[in-house]
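Trainee: The structure is given below, and queries will be raised subsequently.
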Amino acid sequence: RLADAVTPLWRLSYQEQLQVKYESQKKILQTLTSCLEERGRDTQKPGGLCCPLQPVVPSPIINGYRNKSTFSVNQGPDGNPKTVGLYVGTGRARNIVCVKANHMENIPPKHKQVAQCYEEFIRCSPLDPCILFHQGGHWRELVVRTTSRGHTMAVVTFHPQELGQEALAAQKALLKEFFTCGPGAACALTSLYFQESTMTRCSHQQSPFQLLHGEPHIFEEVLGLKIRISPDAFFQVNTAGAEVLYQAVRELSQAGGDTVLLDICCGTGTIGLSLAHQVSKIIGIEVVEKAIEDARWNAAFNGISNAEFHCGKAEVTLPQLLSAWEDAQPLVAVVNPSRAGLHYRVVRAIRNCPSIRRLLYISCKPEGEAMRNFLELCCPPDTGRKLVGEPFTPKLALPFDMFPHTVHCELVLLFTR
């Protein structure tokens with residue numbers, strides 16, 4: 001069953017789900033504690049963990065909480081290659097099928113409706129789906145984003161193969177017509193985007209998102225801020241959960257009026273902007289160009305003048321920024337990287353900057369690459385690896401349930417030195 005593959009905890013009561021997640025976060029902290037001991041840092045506290053672990057903070061919304069869903073196009077259980085849904089199975093076992101998301105507890109009805117309409121559209125299209133690039137075909141995945149303001153954005157990915165501009169224009173016109181005048185009009189899309197893509201994931205710079213209909217952005221409200229969202233900008237998938245998370249970050253940062261807040265991997269700037277009124281300055285760094293445009297717009301629109309945003313890879317931008325840092329003002333760093341964790345050069349720059357005494361690491365996969373980052377931040381000084389700054393110490397672990405029904409958790413780890 002799809003639900004068991006994607007949301008394996010859906011059969012448990014919500015209290016039981018939180019307990020399962022608490023135990024898994026405890027194991028992660030036990031691993032961190034023993035790895036630090038192996039490296040000569042005895043950080044163990046009563047209870048056998050390197051820092052206190054708070055109970056998992058529940059999500060304010062348990063069902064249909066996702067504000068972004070990515071639907072694939074592939075063969076369904078009935079063999080129809082034009083099925084829009086989520087994958088079950090593995091490439092290794094060669095048993096992948098695409099199953100409709102109708103029974104998924106975490107996906108809102110609006111996303112399911114857009115997916116159903118897209119399936120109807122591609123099933124009427126004479127063009128094939130693109131399942132394997134080298135085998136041809138065109139129709140690919142669909143991304144749906146919604147906001148609590150009632151906005152809906154759909155992004156359709158299309159492999160152009162050998163099609164000329166005229167043929168492409170005809171397909172775009174048909175897609176637009178379907179979603180504005182045809183059966184898809186029921187979805188009431190705020191924005192319809194089209195991306196010609198010859199690779200699995202494509203940035204706006206590699207292949208621009210083309211607006212076929214509606215508004216270029218959708219808007220969300222977070223902690224009283226109006227936030228603009230572009231097609232490829234990162235935004236936490238659980239908006240209500242994100243508000244609870246950001247409020248906790250605000251408190252844990254202990255950032256005062258003389259503090260500069262470094263927001264690394266800042267996306268649309270929401271974390272920094274929600275703290276702007278209580279700090280002297282916000283500095284955000286993000287690799288996605290459109291997200292930085294959003295962050296700058298968000299700052300201006302919300303009347304925030306003490307924020308600056310830098311577009312670039314954190315491993316290039318941050319060391320440059322910190323090497324020139326001679327300010328006596330205290331620096332508090334917040335990092336919110338992808339599942340791949342922080343680049344080693346980012347960790348090194350943070351570790352070797354004596355002004356940073358407090359660091360909040362937000363991780364959606366703390367057992368993965370983030371664990372390597374935790375150890376690099378806390379291990380004894382290592383001249384060979386140029387980790388010469390005073391080590392950080394884990395002070396508090398605070399898990400947030402941003403993904404009900406799944407095994408995943410968002411963990412906020414507070415480090416100080």
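Going through the structure tokens in order, the chains are called A, B, and so on, while each chain numbers its residues from 1 and the ligands are numbered from 1 in the order shown.
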Give me the residues within 10 Å of Gly312 in chain A as number ranges by chain, counting only C-alpha atoms and dropping any in the same chain fewer than 5 places off.

Mentor: A: 265, 285-289, 292, 317-318

Trainee: Name all residues at most 6 Å from range 26-35 of chain A (count only C-alpha atoms; drop same-chain ones fewer than 2 positions away) and give them as a PyMOL selection string.

Mentor: chain A and resi 23-24+37-38+49-50+367

Trainee: Would you mind exporting all heavy atoms of the selected residues as a compact mmCIF listing (two decimals), in the first residue's frame?

Mentor:
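Full text of selection24.txt as output:
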# COMPACT_ATOMS: atom_id res chain seq x y z
N GLU A 23 11.61 8.29 20.52
CA GLU A 23 12.59 7.20 20.67
C GLU A 23 13.65 7.28 19.57
O GLU A 23 14.83 7.04 19.82
CB GLU A 23 11.90 5.82 20.64
CG GLU A 23 10.97 5.56 21.83
CD GLU A 23 11.63 5.70 23.20
OE1 GLU A 23 12.84 5.41 23.32
OE2 GLU A 23 10.95 6.12 24.15
N SER A 24 13.24 7.61 18.34
CA SER A 24 14.23 7.66 17.25
C SER A 24 15.18 8.85 17.44
O SER A 24 16.37 8.76 17.16
CB SER A 24 13.55 7.72 15.87
OG SER A 24 12.89 8.95 15.71
N GLU A 37 32.43 10.87 22.44
CA GLU A 37 33.30 10.20 23.43
C GLU A 37 34.50 9.57 22.74
O GLU A 37 35.63 9.68 23.22
CB GLU A 37 32.51 9.14 24.19
CG GLU A 37 31.77 9.73 25.38
CD GLU A 37 30.92 8.69 26.12
OE1 GLU A 37 31.00 7.50 25.77
OE2 GLU A 37 30.17 9.10 27.02
N GLU A 38 34.24 8.93 21.59
CA GLU A 38 35.35 8.31 20.83
C GLU A 38 36.38 9.37 20.42
O GLU A 38 37.56 9.06 20.28
CB GLU A 38 34.81 7.64 19.55
CG GLU A 38 34.12 6.31 19.80
CD GLU A 38 33.32 5.85 18.58
OE1 GLU A 38 33.63 6.31 17.46
OE2 GLU A 38 32.38 5.05 18.76
N LEU A 49 22.77 11.05 27.65
CA LEU A 49 22.78 11.82 26.40
C LEU A 49 23.69 13.04 26.55
O LEU A 49 23.93 13.52 27.65
CB LEU A 49 21.37 12.28 26.04
CG LEU A 49 20.31 11.19 25.81
CD1 LEU A 49 18.96 11.82 25.52
CD2 LEU A 49 20.72 10.27 24.67
N CYS A 50 24.16 13.56 25.40
CA CYS A 50 25.09 14.70 25.43
C CYS A 50 24.39 16.01 25.79
O CYS A 50 25.04 17.00 26.12
CB CYS A 50 25.81 14.84 24.10
SG CYS A 50 24.70 14.99 22.69
N GLU A 367 20.08 12.07 11.41
CA GLU A 367 20.87 10.83 11.43
C GLU A 367 21.76 10.70 10.19
O GLU A 367 22.61 9.82 10.10
CB GLU A 367 19.94 9.60 11.54
CG GLU A 367 19.13 9.28 10.29
CD GLU A 367 17.88 10.15 10.12
OE1 GLU A 367 17.73 11.17 10.82
OE2 GLU A 367 17.06 9.78 9.27

Trainee: Tell me which protein, DNA and RNA residues are within 10 Å of Gly341 in chain A, counting only C-alpha atoms, leaving out same-chain ones fewer than 2 positions away, and put them as a list in words.

Mentor: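 So, after excluding close chain neighbours, the residues are Val335, Asn336, Pro337, Ser338, Arg339, His343, Tyr344, Val347, Tyr361, Ile362, Ser363, Cys364, Lys365, Pro366, Gly368, Glu369, Ala370, Met371, Arg372, Asn373 and Phe374 of chain A.
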
Trainee: Near range 298-301 of chain A, within 8 Å and counting only C-alpha atoms, which residues show up once chain neighbours fewer than 2 positions away are dropped, as an NGL selection string?

Mentor: :A and (226-228 or 268-269 or 273 or 294-296 or 303-305 or 307)

Trainee: Give me, as JSON lines, each residue of range 184-265 of chain A that comes within 12 Å of range 130-136 of chain A, together with its shortest interatomic pair and the distance in Å at one decimal, counting only C-alpha atoms, with rows ordered by chain and rising residue number.

Mentor:
{"residue": "A:Glu196", "atom": "CA", "partner": "A:Cys130", "partner_atom": "CA", "distance": 11.9}
{"residue": "A:Ser197", "atom": "CA", "partner": "A:Phe133", "partner_atom": "CA", "distance": 10.3}
{"residue": "A:Thr198", "atom": "CA", "partner": "A:Phe133", "partner_atom": "CA", "distance": 7.6}
{"residue": "A:Met199", "atom": "CA", "partner": "A:Phe133", "partner_atom": "CA", "distance": 8.1}
{"residue": "A:Thr200", "atom": "CA", "partner": "A:Phe133", "partner_atom": "CA", "distance": 9.1}

Trainee: Given the selection you just returned, output its residues as a file containing N, CA and C atoms, formatted as an mmCIF file, in the first residue's frame.

Mentor:
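As a result, selection.cif now contains:
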data_model
loop_
_atom_site.group_PDB
_atom_site.id
_atom_site.type_symbol
_atom_site.label_atom_id
_atom_site.label_comp_id
_atom_site.auth_asym_id
_atom_site.auth_seq_id
_atom_site.Cartn_x
_atom_site.Cartn_y
_atom_site.Cartn_z
ATOM 1 N N GLU A 196 10.635 23.329 -19.306
ATOM 2 C CA GLU A 196 11.236 22.354 -20.228
ATOM 3 C C GLU A 196 12.510 21.864 -19.569
ATOM 4 N N SER A 197 12.549 20.571 -19.310
ATOM 5 C CA SER A 197 13.667 20.063 -18.523
ATOM 6 C C SER A 197 14.211 18.773 -19.117
ATOM 7 N N THR A 198 15.523 18.742 -19.320
ATOM 8 C CA THR A 198 16.156 17.540 -19.874
ATOM 9 C C THR A 198 16.912 16.770 -18.800
ATOM 10 N N MET A 199 16.738 17.190 -17.541
ATOM 11 C CA MET A 199 17.381 16.462 -16.432
ATOM 12 C C MET A 199 16.393 16.288 -15.280
ATOM 13 N N THR A 200 16.774 15.462 -14.324
ATOM 14 C CA THR A 200 15.848 15.112 -13.248
ATOM 15 C C THR A 200 15.388 16.333 -12.472
#

Trainee: To test your reading of the structure, identify every residue in range 242-307 of chain A that backbone DSSP assigns to strand (DSSP E), and report it as a list in words.

Mentor: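 The strand (DSSP E) subset of range 242-307 of chain A is Val260, Leu261, Leu262, Asp263, Ile264, Lys281, Ile282, Ile283, Gly284, Ile285, Glu286 and Ala307 of chain A.
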
Trainee: Could you take the residues named above and write them with N, CA and C atoms, as a compact mmCIF listing (two decimals), in the first residue's frame?

Mentor:
# COMPACT_ATOMS: atom_id res chain seq x y z
N VAL A 260 23.91 40.23 15.71
CA VAL A 260 23.75 40.03 14.26
C VAL A 260 23.37 38.56 14.07
N LEU A 261 22.28 38.34 13.35
CA LEU A 261 21.84 36.96 13.11
C LEU A 261 22.26 36.52 11.71
N LEU A 262 23.00 35.42 11.67
CA LEU A 262 23.41 34.82 10.39
C LEU A 262 22.41 33.72 10.07
N ASP A 263 21.70 33.86 8.96
CA ASP A 263 20.70 32.85 8.55
C ASP A 263 21.27 32.13 7.33
N ILE A 264 21.83 30.94 7.55
CA ILE A 264 22.54 30.21 6.49
C ILE A 264 21.59 29.18 5.87
N LYS A 281 20.80 43.26 13.14
CA LYS A 281 20.94 43.02 11.70
C LYS A 281 20.74 41.54 11.38
N ILE A 282 20.19 41.29 10.19
CA ILE A 282 20.05 39.92 9.66
C ILE A 282 20.93 39.79 8.43
N ILE A 283 21.69 38.71 8.34
CA ILE A 283 22.45 38.42 7.12
C ILE A 283 22.03 37.03 6.64
N GLY A 284 21.38 36.95 5.49
CA GLY A 284 20.91 35.67 4.95
C GLY A 284 21.75 35.23 3.76
N ILE A 285 21.97 33.92 3.66
CA ILE A 285 22.74 33.35 2.54
C ILE A 285 21.93 32.20 1.94
N GLU A 286 21.81 32.18 0.63
CA GLU A 286 21.00 31.16 -0.05
C GLU A 286 21.49 31.00 -1.49
N ALA A 307 17.92 43.93 7.12
CA ALA A 307 18.24 42.59 6.59
C ALA A 307 18.97 42.73 5.27

Trainee: If I take CA of Val222 in chain A and CA of Cys266 in chain A, how far is one from the other in Å, to one decimal?

Mentor: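 That distance, rounded to one decimal, is 14.8 Å.
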
Trainee: At a cut-off of 12 Å, using only C-alpha atoms, what residues contact Pro109 in chain A? Leave out same-chain residues fewer than 3 positions from it and give the result as a count of residues only.

Mentor: 21

Trainee: Got a sec: who's within 10 Å of range 76-92 of chain A, counting only C-alpha atoms, leaving out chain neighbours fewer than 5 positions off, as a PyMOL selection string?

Mentor: chain A and resi 1-6+69-71+97-102+104+112+115-125+128-131+139-142
